[in-house]
file protein-v4.txt (compact mmCIF, C-alpha atoms and all ligand atoms)
# COMPACT_ATOMS: atom_id res chain seq x y z
CA MET A 1 0.00 0.00 0.00
CA VAL A 2 1.28 3.47 -0.84
CA SER A 3 0.74 6.18 1.73
CA ILE A 4 -0.10 8.76 -0.91
CA LYS A 5 -3.72 8.36 -1.90
CA ALA A 6 -5.75 9.96 -4.70
CA PRO A 7 -7.14 13.35 -3.61
CA ARG A 8 -10.56 13.42 -1.93
CA GLY A 9 -13.48 13.28 -4.35
CA VAL A 10 -11.63 11.80 -7.31
CA ARG A 11 -11.74 8.22 -8.58
CA ASP A 12 -9.52 5.81 -10.46
CA ILE A 13 -11.45 4.28 -13.33
CA LEU A 14 -10.05 0.75 -13.41
CA PRO A 15 -10.37 -1.82 -16.23
CA GLU A 16 -13.48 -3.38 -14.61
CA GLU A 17 -15.25 -0.06 -15.24
CA SER A 18 -13.36 1.60 -18.09
CA TRP A 19 -14.82 -0.70 -20.75
CA LYS A 20 -18.27 0.50 -19.70
CA TRP A 21 -17.12 4.08 -20.18
CA ALA A 22 -15.81 3.18 -23.63
CA PHE A 23 -19.26 1.82 -24.54
CA VAL A 24 -21.00 5.03 -23.44
CA LEU A 25 -18.44 7.20 -25.25
CA LYS A 26 -18.80 5.15 -28.45
CA THR A 27 -22.59 5.44 -28.29
CA ALA A 28 -22.31 9.20 -27.68
CA SER A 29 -20.08 9.54 -30.71
CA GLU A 30 -22.60 7.62 -32.87
CA VAL A 31 -25.49 9.77 -31.68
CA ALA A 32 -23.38 12.90 -32.30
CA GLN A 33 -22.75 11.72 -35.86
CA ASP A 34 -26.46 11.07 -36.44
CA PHE A 35 -27.38 14.57 -35.24
CA ASN A 36 -24.44 16.12 -37.16
CA TYR A 37 -22.43 17.31 -34.15
CA LYS A 38 -18.65 17.42 -34.69
CA GLU A 39 -16.18 16.48 -31.97
CA VAL A 40 -13.71 19.01 -30.54
CA HIS A 41 -11.01 18.72 -27.89
CA LEU A 42 -10.62 21.85 -25.81
CA PRO A 43 -8.09 22.84 -23.12
CA ILE A 44 -8.55 21.50 -19.62
CA PHE A 45 -7.50 24.83 -18.15
CA GLU A 46 -8.54 28.30 -19.28
CA GLN A 47 -8.06 31.85 -18.11
CA THR A 48 -9.98 32.26 -14.85
CA GLU A 49 -11.76 35.26 -16.32
CA LEU A 50 -13.54 33.07 -18.87
CA PHE A 51 -15.51 31.29 -16.16
CA ALA A 52 -15.83 34.29 -13.85
CA ARG A 53 -17.47 36.27 -16.66
CA GLY A 54 -19.10 33.41 -18.57
CA VAL A 55 -20.53 31.22 -15.81
CA GLY A 56 -21.26 34.20 -13.55
CA SER A 57 -19.78 35.58 -10.37
CA THR A 58 -22.80 34.80 -8.15
CA THR A 59 -22.87 31.10 -8.98
CA ASP A 60 -21.71 28.40 -6.56
CA VAL A 61 -19.33 27.19 -9.25
CA VAL A 62 -17.45 30.49 -9.48
CA GLU A 63 -17.85 31.53 -5.83
CA LYS A 64 -16.77 28.31 -4.17
CA GLU A 65 -15.96 25.47 -6.50
CA MET A 66 -13.24 26.42 -8.96
CA TYR A 67 -9.72 25.02 -8.88
CA ILE A 68 -7.76 28.21 -9.49
CA PHE A 69 -3.99 28.37 -9.75
CA GLU A 70 -1.33 30.75 -10.86
CA ASP A 71 1.11 29.52 -13.49
CA ARG A 72 4.81 30.35 -13.48
CA GLY A 73 4.12 33.40 -15.60
CA GLY A 74 1.78 34.79 -12.95
CA ARG A 75 -1.42 34.16 -14.96
CA SER A 76 -4.57 33.12 -13.15
CA LEU A 77 -5.78 29.87 -14.66
CA THR A 78 -8.67 27.58 -13.73
CA LEU A 79 -9.30 23.88 -14.28
CA ARG A 80 -12.51 23.93 -16.30
CA PRO A 81 -15.62 23.39 -14.16
CA GLU A 82 -17.79 23.00 -17.29
CA LEU A 83 -17.50 23.23 -21.07
CA SER A 84 -20.06 25.72 -22.42
CA ALA A 85 -17.92 28.79 -21.73
CA SER A 86 -14.91 27.12 -23.40
CA MET A 87 -17.03 26.06 -26.38
CA VAL A 88 -18.23 29.63 -26.91
CA ARG A 89 -14.70 30.97 -26.38
CA SER A 90 -13.44 28.55 -29.01
CA TYR A 91 -16.28 29.47 -31.39
CA LEU A 92 -15.39 33.16 -31.10
CA GLU A 93 -11.62 32.72 -31.16
CA ASN A 94 -11.68 30.45 -34.21
CA ARG A 95 -14.14 32.67 -36.11
CA MET A 96 -16.66 29.89 -36.36
CA ASP A 97 -19.28 32.54 -37.14
CA GLN A 98 -17.87 32.24 -40.69
CA ARG A 99 -19.10 28.65 -40.90
CA PRO A 100 -22.69 27.51 -41.64
CA GLN A 101 -24.81 28.25 -38.55
CA PRO A 102 -25.50 26.85 -36.06
CA VAL A 103 -22.12 25.29 -35.44
CA LYS A 104 -22.82 22.00 -33.67
CA LEU A 105 -20.02 20.70 -31.49
CA TRP A 106 -19.52 18.03 -28.87
CA SER A 107 -16.77 17.02 -26.53
CA ALA A 108 -16.10 14.60 -23.69
CA GLY A 109 -13.61 14.99 -20.91
CA PRO A 110 -12.93 15.72 -17.25
CA MET A 111 -14.35 18.74 -15.37
CA PHE A 112 -13.28 19.93 -11.93
CA ARG A 113 -15.41 21.33 -9.12
CA TYR A 114 -14.55 21.63 -5.45
CA GLU A 115 -17.84 20.18 -4.19
CA ARG A 116 -18.71 18.01 -1.20
CA PRO A 117 -18.23 14.49 -2.57
CA GLN A 118 -21.15 12.06 -2.38
CA LYS A 119 -22.73 9.38 -4.56
CA GLY A 120 -22.71 10.69 -8.13
CA ARG A 121 -20.84 13.86 -7.15
CA TYR A 122 -17.08 14.06 -7.52
CA ARG A 123 -14.40 16.72 -7.67
CA GLN A 124 -13.17 15.40 -10.99
CA PHE A 125 -15.93 14.06 -13.19
CA TRP A 126 -16.52 13.58 -16.90
CA GLN A 127 -19.09 15.34 -18.99
CA LEU A 128 -20.42 14.60 -22.46
CA ASP A 129 -21.13 18.10 -23.69
CA PHE A 130 -23.14 19.08 -26.77
CA GLU A 131 -23.54 22.67 -27.96
CA ALA A 132 -25.31 24.28 -30.95
CA ILE A 133 -24.01 27.81 -31.35
CA GLY A 134 -25.41 30.43 -33.72
CA SER A 135 -29.20 30.03 -33.86
CA GLN A 136 -32.11 31.16 -31.74
CA ASP A 137 -34.62 28.80 -33.30
CA PRO A 138 -36.49 26.93 -30.53
CA TYR A 139 -36.26 23.81 -32.69
CA VAL A 140 -32.52 23.75 -31.94
CA ASP A 141 -33.47 23.53 -28.25
CA VAL A 142 -35.83 20.70 -29.23
CA GLU A 143 -33.01 18.97 -31.10
CA VAL A 144 -30.66 19.29 -28.12
CA ILE A 145 -33.25 17.77 -25.76
CA ALA A 146 -34.09 15.05 -28.30
CA LEU A 147 -30.39 14.26 -28.68
CA SER A 148 -29.95 13.71 -24.96
CA VAL A 149 -33.06 11.53 -24.79
CA GLU A 150 -31.90 9.52 -27.83
CA LEU A 151 -28.50 8.96 -26.21
CA PHE A 152 -30.07 7.65 -23.01
CA LYS A 153 -32.51 5.52 -25.01
CA ARG A 154 -29.69 3.89 -26.99
CA LEU A 155 -27.90 3.18 -23.72
CA GLY A 156 -31.02 1.34 -22.57
CA MET A 157 -31.74 3.71 -19.68
CA ARG A 158 -35.32 3.72 -18.42
CA GLY A 159 -37.59 5.75 -16.15
CA LEU A 160 -36.06 9.11 -17.02
CA ASP A 161 -38.00 12.36 -16.62
CA VAL A 162 -37.47 15.36 -18.86
CA VAL A 163 -38.23 18.61 -17.05
CA ILE A 164 -38.23 21.97 -18.80
CA ASN A 165 -38.69 25.62 -17.87
CA SER A 166 -38.01 29.04 -19.30
CA VAL A 167 -35.95 31.41 -17.19
CA GLY A 168 -36.57 34.40 -19.47
CA CYS A 169 -34.06 36.97 -20.64
CA PRO A 170 -32.56 40.28 -19.45
CA VAL A 171 -35.81 41.97 -20.55
CA CYS A 172 -38.27 39.91 -18.51
CA ARG A 173 -36.07 38.53 -15.74
CA PRO A 174 -35.75 41.80 -13.77
CA VAL A 175 -39.55 42.08 -13.62
CA HIS A 176 -39.81 38.54 -12.27
CA LYS A 177 -36.92 39.14 -9.90
CA GLU A 178 -38.65 42.13 -8.38
CA ALA A 179 -41.92 40.21 -7.96
CA LEU A 180 -40.03 37.32 -6.40
CA GLN A 181 -38.17 39.54 -3.96
CA GLU A 182 -41.39 41.24 -3.00
CA PHE A 183 -43.02 37.85 -2.42
CA LEU A 184 -40.09 36.61 -0.33
CA GLU A 185 -39.56 39.77 1.69
CA SER A 186 -41.94 38.85 4.51
CA HIS A 187 -40.40 35.34 4.75
CA LEU A 188 -36.77 36.42 4.77
CA GLU A 189 -36.14 35.33 8.38
CA GLU A 190 -37.53 31.83 7.74
CA LEU A 191 -35.30 31.10 4.72
CA CYS A 192 -32.13 29.03 5.13
CA PRO A 193 -28.88 31.06 5.46
CA THR A 194 -27.86 30.27 1.84
CA CYS A 195 -31.18 31.50 0.48
CA ARG A 196 -31.07 34.58 2.70
CA SER A 197 -27.69 35.42 1.19
CA ARG A 198 -29.17 34.82 -2.28
CA TYR A 199 -32.09 37.19 -1.72
CA ASN A 200 -30.24 40.21 -3.10
CA ARG A 201 -27.59 38.56 -5.25
CA ASN A 202 -29.48 35.82 -7.07
CA PRO A 203 -33.03 35.30 -5.73
CA LEU A 204 -33.93 33.00 -8.63
CA ARG A 205 -31.82 30.25 -7.08
CA ILE A 206 -34.04 30.30 -3.96
CA LEU A 207 -36.65 28.54 -6.10
CA ASP A 208 -34.53 25.39 -6.44
CA CYS A 209 -33.37 25.17 -2.80
CA LYS A 210 -33.91 21.65 -1.44
CA ASN A 211 -34.49 22.83 2.18
CA PRO A 212 -38.08 21.80 3.14
CA THR A 213 -38.88 25.15 4.80
CA CYS A 214 -37.62 27.09 1.78
CA ARG A 215 -39.64 24.82 -0.48
CA THR A 216 -42.84 25.43 1.46
CA ILE A 217 -42.28 29.17 1.38
CA THR A 218 -41.66 29.20 -2.37
CA GLU A 219 -44.59 26.89 -3.15
CA ASN A 220 -46.68 29.77 -4.48
CA ALA A 221 -43.85 32.09 -5.45
CA PRO A 222 -44.09 33.98 -8.78
CA LYS A 223 -43.14 31.67 -11.65
CA THR A 224 -40.66 32.72 -14.31
CA ILE A 225 -43.03 31.59 -17.08
CA SER A 226 -45.75 33.98 -15.83
CA TYR A 227 -43.40 36.90 -16.47
CA LEU A 228 -41.96 36.02 -19.88
CA CYS A 229 -41.70 38.85 -22.42
CA PRO A 230 -43.43 38.21 -25.78
CA GLU A 231 -40.19 36.97 -27.39
CA CYS A 232 -39.41 34.49 -24.60
CA LYS A 233 -43.03 33.39 -24.47
CA GLU A 234 -43.07 32.68 -28.19
CA HIS A 235 -39.79 30.81 -27.87
CA PHE A 236 -41.14 28.65 -25.04
CA GLU A 237 -44.28 27.89 -27.09
CA GLY A 238 -42.04 26.90 -30.04
CA LEU A 239 -40.08 24.59 -27.77
CA LYS A 240 -43.24 22.83 -26.60
CA VAL A 241 -44.61 22.54 -30.14
CA GLY A 242 -41.37 20.87 -31.27
CA LEU A 243 -41.22 18.48 -28.31
CA ASP A 244 -44.87 17.55 -28.87
CA ALA A 245 -44.21 16.97 -32.57
CA LEU A 246 -41.55 14.44 -31.62
CA GLY A 247 -43.86 12.84 -29.06
CA LEU A 248 -41.24 13.57 -26.45
CA HIS A 249 -42.71 13.39 -22.98
CA TYR A 250 -41.79 16.23 -20.59
CA SER A 251 -43.12 18.16 -17.65
CA ILE A 252 -42.75 21.81 -16.78
CA ASP A 253 -40.93 22.45 -13.53
CA ASN A 254 -41.32 26.03 -12.37
CA ARG A 255 -38.51 25.57 -9.86
CA LEU A 256 -35.96 24.58 -12.49
CA VAL A 257 -33.62 27.57 -12.75
CA ARG A 258 -30.22 25.83 -13.06
CA GLY A 259 -27.10 26.84 -11.19
CA LEU A 260 -25.21 28.76 -13.87
CA ASP A 261 -25.86 32.44 -14.62
CA TYR A 262 -25.68 32.30 -18.39
CA TYR A 263 -29.06 30.67 -19.00
CA THR A 264 -31.72 32.53 -20.96
CA LYS A 265 -35.08 31.13 -22.09
CA THR A 266 -34.88 27.29 -22.09
CA ALA A 267 -33.59 25.41 -19.04
CA TYR A 268 -33.96 21.65 -18.85
CA GLU A 269 -32.80 18.54 -17.06
CA VAL A 270 -33.17 14.80 -17.42
CA LEU A 271 -33.65 13.15 -14.04
CA SER A 272 -33.24 9.55 -12.90
CA GLY A 273 -34.99 8.12 -9.87
CA ASP A 274 -32.08 5.67 -9.53
CA LEU A 275 -29.49 8.28 -8.60
CA GLY A 276 -30.52 9.48 -5.13
CA ALA A 277 -29.94 13.13 -4.20
CA GLN A 278 -27.77 13.91 -7.25
CA ASN A 279 -30.53 12.88 -9.65
CA ALA A 280 -29.69 14.93 -12.76
CA VAL A 281 -28.22 12.73 -15.50
CA CYS A 282 -27.94 15.79 -17.68
CA GLY A 283 -28.72 19.47 -17.65
CA GLY A 284 -28.68 22.24 -20.16
CA GLY A 285 -30.43 25.10 -21.81
CA ARG A 286 -30.02 28.24 -23.84
CA TYR A 287 -27.34 30.89 -23.23
CA ASP A 288 -27.96 33.70 -25.72
CA ASN A 289 -25.81 36.24 -23.84
CA LEU A 290 -22.80 34.09 -22.96
CA ALA A 291 -20.74 35.18 -25.99
CA GLU A 292 -21.24 38.85 -25.11
CA ALA A 293 -20.45 38.21 -21.45
CA ILE A 294 -17.01 36.97 -22.44
CA GLY A 295 -16.37 39.87 -24.80
CA GLY A 296 -17.63 38.51 -28.14
CA LYS A 297 -20.46 39.60 -30.39
CA HIS A 298 -24.01 38.52 -29.61
CA THR A 299 -24.29 34.81 -30.49
CA PRO A 300 -27.20 32.68 -29.32
CA GLY A 301 -26.51 29.11 -28.27
CA VAL A 302 -28.03 26.08 -26.59
CA GLY A 303 -26.67 22.80 -25.30
CA PHE A 304 -26.47 20.25 -22.53
CA ALA A 305 -23.94 18.26 -20.57
CA ALA A 306 -24.39 14.78 -19.13
CA GLY A 307 -22.31 13.37 -16.30
CA LEU A 308 -20.55 10.21 -17.47
CA GLU A 309 -20.25 8.74 -13.96
CA ARG A 310 -23.98 9.32 -13.40
CA ILE A 311 -24.86 7.65 -16.71
CA VAL A 312 -22.78 4.58 -15.80
CA LEU A 313 -24.23 4.50 -12.25
CA THR A 314 -27.80 4.62 -13.56
CA MET A 315 -27.08 1.97 -16.19
CA GLU A 316 -25.54 -0.33 -13.57
CA GLN A 317 -28.48 0.22 -11.24
CA GLN A 318 -30.91 -0.59 -14.05
CA GLY A 319 -28.94 -3.63 -15.26
CA CYS A 320 -28.41 -2.10 -18.72
CA SER A 321 -26.08 -3.79 -21.18
CA PHE A 322 -22.68 -2.27 -21.91
CA GLY A 323 -22.18 -4.56 -24.89
CA LYS A 324 -19.72 -7.44 -24.75
CA GLU A 325 -17.02 -7.13 -22.13
CA PRO A 326 -13.66 -7.34 -23.88
CA SER A 327 -12.04 -10.67 -23.12
CA LEU A 328 -8.78 -12.42 -23.89
CA GLU A 329 -9.25 -14.75 -26.84
CA VAL A 330 -5.95 -16.61 -26.91
CA PHE A 331 -3.25 -17.34 -24.35
CA VAL A 332 -0.06 -18.86 -25.76
CA VAL A 333 1.70 -21.29 -23.43
CA ALA A 334 5.42 -21.70 -24.06
CA VAL A 335 8.28 -22.81 -21.80
CA GLY A 336 11.90 -22.60 -23.01
CA ASP A 337 13.78 -20.01 -25.06
CA PHE A 338 12.97 -21.33 -28.52
CA GLU A 339 9.32 -21.95 -27.69
CA ARG A 340 8.90 -18.45 -26.23
CA LYS A 341 10.34 -16.91 -29.39
CA GLU A 342 7.84 -18.93 -31.45
CA ALA A 343 5.10 -17.75 -29.08
CA LEU A 344 5.97 -14.10 -29.77
CA LYS A 345 5.64 -14.74 -33.50
CA LEU A 346 2.36 -16.61 -33.11
CA MET A 347 0.89 -13.81 -30.98
CA GLN A 348 1.85 -11.32 -33.68
CA GLU A 349 -0.11 -13.39 -36.23
CA PHE A 350 -3.18 -13.53 -33.98
CA ARG A 351 -3.04 -9.83 -33.19
CA ARG A 352 -2.76 -8.88 -36.85
CA GLU A 353 -5.99 -10.81 -37.41
CA GLY A 354 -7.68 -8.83 -34.64
CA ILE A 355 -7.61 -11.75 -32.19
CA SER A 356 -6.50 -10.66 -28.74
CA SER A 357 -3.65 -12.74 -27.39
CA ASP A 358 -1.23 -12.79 -24.53
CA MET A 359 1.50 -14.91 -22.95
CA ASP A 360 3.45 -15.23 -19.71
CA PHE A 361 6.24 -12.73 -19.08
CA ASN A 362 7.30 -13.94 -15.66
CA GLY A 363 9.06 -17.25 -16.34
CA LYS A 364 6.19 -19.38 -15.09
CA SER A 365 6.16 -23.17 -15.40
CA PHE A 366 3.77 -24.94 -17.80
CA LYS A 367 1.31 -25.48 -14.97
CA GLY A 368 1.69 -21.87 -13.83
CA GLN A 369 0.99 -20.63 -17.35
CA MET A 370 -2.15 -22.76 -17.66
CA LYS A 371 -3.35 -21.31 -14.36
CA LEU A 372 -2.60 -17.79 -15.60
CA ALA A 373 -4.55 -18.44 -18.83
CA ASN A 374 -7.48 -19.45 -16.65
CA GLN A 375 -7.17 -16.38 -14.41
CA LEU A 376 -7.08 -14.13 -17.46
CA GLY A 377 -10.24 -15.78 -18.77
CA ALA A 378 -8.71 -16.84 -22.10
CA THR A 379 -11.15 -18.53 -24.48
CA TYR A 380 -8.44 -20.67 -26.11
CA VAL A 381 -4.98 -21.73 -25.03
CA CYS A 382 -2.37 -22.49 -27.70
CA ILE A 383 0.34 -24.78 -26.41
CA LEU A 384 3.76 -24.56 -28.03
CA GLY A 385 5.56 -27.49 -26.42
CA GLU A 386 8.73 -29.23 -27.49
CA GLU A 387 6.70 -32.05 -29.08
CA GLU A 388 4.43 -29.67 -30.93
CA ILE A 389 7.31 -27.66 -32.34
CA LYS A 390 9.03 -30.81 -33.57
CA ALA A 391 5.83 -31.93 -35.30
CA LYS A 392 5.16 -28.38 -36.59
CA LYS A 393 1.86 -28.49 -34.75
CA ILE A 394 0.05 -26.52 -32.09
CA SER A 395 -2.25 -27.90 -29.41
CA ILE A 396 -5.33 -25.76 -28.99
CA LYS A 397 -7.41 -26.11 -25.85
CA ASP A 398 -10.97 -24.84 -25.66
CA MET A 399 -11.04 -23.55 -22.09
CA LYS A 400 -14.80 -23.63 -21.80
CA ILE A 401 -15.30 -27.32 -22.59
CA GLY A 402 -11.78 -28.47 -21.77
CA GLU A 403 -11.32 -30.18 -25.15
CA GLN A 404 -7.85 -30.14 -26.73
CA ILE A 405 -6.89 -30.82 -30.35
CA GLU A 406 -3.73 -30.57 -32.44
CA VAL A 407 -3.67 -28.54 -35.65
CA PRO A 408 -0.85 -27.85 -38.12
CA LYS A 409 1.07 -24.74 -37.08
CA GLU A 410 0.15 -22.68 -40.16
CA GLU A 411 -3.56 -23.41 -39.65
CA ALA A 412 -3.73 -22.30 -36.00
CA VAL A 413 -4.85 -18.72 -36.62
CA THR A 414 -7.50 -19.66 -39.19
CA PHE A 415 -8.74 -22.43 -36.89
CA VAL A 416 -9.15 -20.14 -33.88
CA LYS A 417 -10.66 -17.39 -36.02
CA LYS A 418 -13.29 -19.78 -37.33
CA LYS A 419 -14.04 -21.15 -33.86
CA LEU A 420 -14.45 -17.63 -32.46
CA THR A 421 -17.13 -16.77 -34.99
CA GLU A 422 -19.09 -20.02 -34.58
P1 LIG A 501 -24.39 21.24 -14.89
O1 LIG A 501 -25.83 21.01 -14.55
O2 LIG A 501 -23.59 22.00 -13.94
O3 LIG A 501 -24.40 21.97 -16.31
O4 LIG A 501 -23.69 19.86 -15.18
C1 LIG A 501 -24.21 18.96 -16.15
C2 LIG A 501 -24.18 17.55 -15.65
O5 LIG A 501 -22.86 17.21 -15.23
C3 LIG A 501 -25.03 17.27 -14.42
O6 LIG A 501 -26.37 17.03 -14.79
C4 LIG A 501 -24.38 16.02 -13.87
O7 LIG A 501 -24.81 14.87 -14.58
C5 LIG A 501 -22.92 16.27 -14.17
N1 LIG A 501 -22.22 16.80 -12.99
C6 LIG A 501 -22.18 18.09 -12.57
N2 LIG A 501 -21.42 18.20 -11.46
C7 LIG A 501 -20.98 16.96 -11.16
C8 LIG A 501 -20.14 16.41 -10.14
N3 LIG A 501 -19.60 17.15 -9.20
N4 LIG A 501 -19.92 15.07 -10.14
C9 LIG A 501 -20.45 14.28 -11.10
N5 LIG A 501 -21.23 14.74 -12.11
C10 LIG A 501 -21.49 16.06 -12.13
C11 LIG A 501 -23.28 22.35 -16.99
O8 LIG A 501 -22.16 22.05 -16.69
C12 LIG A 501 -23.59 23.11 -18.25
N6 LIG A 501 -22.34 23.52 -18.87
C13 LIG A 501 -24.44 22.29 -19.18
C14 LIG A 501 -24.78 22.99 -20.45
C15 LIG A 501 -24.22 22.78 -21.64
N7 LIG A 501 -25.65 23.97 -20.58
C16 LIG A 501 -25.66 24.38 -21.83
N8 LIG A 501 -24.80 23.67 -22.48

call {"tool": "encode", "arguments": {"input": "protein-v4.txt", "output": "structure tokens", "more": "lines below"}}
Ligand code: HAM
result
Amino acid sequence: MVSIKAPRGVRDILPEESWKWAFVLKTASEVAQDFNYKEVHLPIFEQTELFARGVGSTTDVVEKEMYIFEDRGGRSLTLRPELSASMVRSYLENRMDQRPQPVKLWSAGPMFRYERPQKGRYRQFWQLDFEAIGSQDPYVDVEVIALSVELFKRLGMRGLDVVINSVGCPVCRPVHKEALQEFLESHLEELCPTCRSRYNRNPLRILDCKNPTCRTITENAPKTISYLCPECKEHFEGLKVGLDALGLHYSIDNRLVRGLDYYTKTAYEVLSGDLGAQNAVCGGGRYDNLAEAIGGKHTPGVGFAAGLERIVLTMEQQGCSFGKEPSLEVFVVAVGDFERKEALKLMQEFRREGISSDMDFNGKSFKGQMKLANQLGATYVCILGEEEIKAKKISIKDMKIGEQIEVPKEEAVTFVKKKLTE
């Protein structure tokens, strides 16, 4: 045991789990292709200012959760807590406004937030992030929601709820904010300390507080959708029309305001009952003013991000299939210098045919190698013994039924290949 452990809130994804991740990532890439989203790889750290201005200074993420560090040149950098701000930064910096709009991008990778770790909540976690930048059409919002639902459907996930809301825009939000503050004023003392501190800075977030007293107080609080300006109202109607056209089931949640400041109009989440307190498998929405907030020209956008760990957790809980677990197809047993050299060559032949193969690299005896083949779960064992080499043959043992036959050396690969497809 080493005394240095991984930092709190981060996990090692070991082989027993990583193949499941690979399945989800492959499925995400197929769905992305079908919806015409192109993959990008963006930096893991950015200038701190990008998130401070993009995500918003009154958000939990920026106030308390960012991993900020100074590099040797004295620059303030931050490990990305999310991807939308980076996506928009990249869109602006690479003049993607010159491309056909909207530009549809996706990316997968680790995010970093200094949060209290619990089931489904880590300090380093992966997101699958999809963004459509450069259109205000509500049908793009519909497409984004449909994409997330399609991804979860292809992964075999069940019992998911799509909840939507509209959080308005800088025109209608101040009117709602005032009404909300007025409504909450007489209850200020009863609110939890966090909500009390949000009353002036960001009262909207009081609506999604999980504290039972706060929830009771806000039961009849003014709803954002009752205050939408004509443009936001029309957009929200368009969103519903599109979702209905696709037969996509959803409910409106007036408390859904999301934790990041950049949202305008659409906010949505997909929830799983199998996740416990951290029940959002994905979250997203529209961010028409994000580009301007980070110093670019006005560029509407919409997207979502799904937590990879939460997807895998839900799938495991629901007994979903991750496809076939990769297994070792051939283990080559060889004792002695000459035999081991032959084994190397044979493995090369198998591998070139796409058949996974392995051998012992620790000088084990014949018996030890057979045991190792068993431990590694090999489907077939090819034995290259002294006898076999003399006779230019190879003994092939089917590990499942225990049957062993001899085949001419040059036919071994074809034989195993045929057996594997039977
Ligand atoms: P978010 O709701 O902060 O949104 O995160 C999106 C998803 O990432 C969550 O629904 C959850 O599945 C996962 N997630 C968040 N924090 C953690 C954590 N600490 N541990 C494990 N999983 C976590 C965003 O990040 C927005 N950028 C989404 C978006 C894209 N909006 C528009 N475009």

call {"tool": "closest_atom_pairs", "arguments": {"input": "protein-v4.txt", "of": "chain A", "to": "ligand LIG 501 (chain A)", "cutoff": "6 Å", "atoms": "all atoms listed in the file", "output": "tab-separated table"}}
result
residue	atom	partner	partner_atom	distance
A:Glu82	CA	A:LIG501	O8	4.5
A:Leu83	CA	A:LIG501	N6	5.3
A:Ser84	CA	A:LIG501	N6	4.8
A:Arg113	CA	A:LIG501	N3	5.9
A:Gly120	CA	A:LIG501	C9	5.2
A:Arg121	CA	A:LIG501	N4	3.4
A:Tyr122	CA	A:LIG501	N4	4.0
A:Arg123	CA	A:LIG501	N3	5.4
A:Phe125	CA	A:LIG501	C9	5.0
A:Gln127	CA	A:LIG501	O5	5.6
A:Asp129	CA	A:LIG501	C15	6.0
A:Glu131	CA	A:LIG501	N8	5.7
A:Ala280	CA	A:LIG501	O6	4.4
A:Val281	CA	A:LIG501	O7	4.1
A:Cys282	CA	A:LIG501	O6	3.5
A:Gly283	CA	A:LIG501	O6	4.4
A:Gly284	CA	A:LIG501	N7	3.5
A:Gly285	CA	A:LIG501	C16	4.8
A:Val302	CA	A:LIG501	C16	5.6
A:Gly303	CA	A:LIG501	N8	3.5
A:Phe304	CA	A:LIG501	C15	3.5
A:Ala305	CA	A:LIG501	C13	4.3
A:Ala306	CA	A:LIG501	C2	4.5
A:Gly307	CA	A:LIG501	O7	3.4
A:Arg310	CA	A:LIG501	O7	5.7

call {"tool": "atom_distance", "arguments": {"input": "protein-v4.txt", "atom1": "atom CA of Pro408 of chain A", "atom2": "atom CA of Ile394 of chain A"}}
result
6.2 Å

call {"tool": "closest_residue", "arguments": {"input": "protein-v4.txt", "among": "A:Ser76, A:Gln98, A:Ser321, A:Asn220", "to": "Met157 of chain A", "atoms": "all atoms listed in the file"}}
result
A:Ser321

call {"tool": "axis_aligned_box", "arguments": {"input": "protein-v4.txt", "around": "segment 151-155 of chain A", "padding_each_side": "6 Å", "output": "JSON"}}
result
{"center_x": -30.2, "center_y": 6.1, "center_z": -25.0, "size_x": 16.6, "size_y": 17.8, "size_z": 16.0}

call {"tool": "closest_residue", "arguments": {"input": "protein-v4.txt", "among": "A:Lys417, A:Lys240, A:Lys400, A:Lys119", "to": "Gly354 of chain A", "atoms": "all atoms listed in the file"}}
result
A:Lys417

call {"tool": "closest_residue", "arguments": {"input": "protein-v4.txt", "among": "A:Lys104, A:Lys392, A:Arg72, A:His176", "to": "Glu143 of chain A", "atoms": "all atoms listed in the file"}}
result
A:Lys104

call {"tool": "residues_around", "arguments": {"input": "protein-v4.txt", "residues": "Leu151 of chain A", "least_positions_apart": "6", "cutoff": "8 Å", "atoms": "all atoms listed in the file", "output": "PyMOL selection string"}}
result
chain A and resi 27-28+31

call {"tool": "write_last_selection", "arguments": {"input": "protein-v4.txt", "atoms": "C-alpha atoms", "output": "PDB file, in the coordinates of the input"}}
result
ATOM      1  CA  THR A  27     -22.590   5.440 -28.290  1.00  0.00           C
ATOM      2  CA  ALA A  28     -22.310   9.200 -27.680  1.00  0.00           C
ATOM      3  CA  VAL A  31     -25.490   9.770 -31.680  1.00  0.00           C
TER       4      VAL A  31
END

call {"tool": "residues_around", "arguments": {"input": "protein-v4.txt", "residues": "Arg198 of chain A", "least_positions_apart": "6", "cutoff": "10 Å", "atoms": "all atoms listed in the file", "output": "number ranges by chain"}}
result
A: 58-59, 192, 204-206

call {"tool": "closest_residue", "arguments": {"input": "protein-v4.txt", "among": "A:Gly385, A:Ser57, A:Thr379, A:Val270", "to": "Ile401 of chain A", "atoms": "only C-alpha atoms"}}
result
A:Thr379

call {"tool": "closest_residue", "arguments": {"input": "protein-v4.txt", "among": "A:Leu184, A:Met315, A:Ala267, A:Leu160", "to": "Phe23 of chain A", "atoms": "only C-alpha atoms"}}
result
A:Met315

call {"tool": "residues_around", "arguments": {"input": "protein-v4.txt", "residues": "Asn374 of chain A", "least_positions_apart": "5", "cutoff": "10 Å", "atoms": "all atoms listed in the file", "output": "list of chain:residue names"}}
result
A:Phe331, A:Gly368, A:Gln369, A:Thr379, A:Tyr380, A:Val381, A:Met399, A:Lys400

call {"tool": "write_last_selection", "arguments": {"input": "protein-v4.txt", "atoms": "C-alpha atoms", "output": "tab-separated table (two decimals), in the frame of the given file"}}
result
chain	number	residue	atom	x	y	z
A	331	PHE	CA	-3.25	-17.34	-24.35
A	368	GLY	CA	1.69	-21.87	-13.83
A	369	GLN	CA	0.99	-20.63	-17.35
A	379	THR	CA	-11.15	-18.53	-24.48
A	380	TYR	CA	-8.44	-20.67	-26.11
A	381	VAL	CA	-4.98	-21.73	-25.03
A	399	MET	CA	-11.04	-23.55	-22.09
A	400	LYS	CA	-14.80	-23.63	-21.80
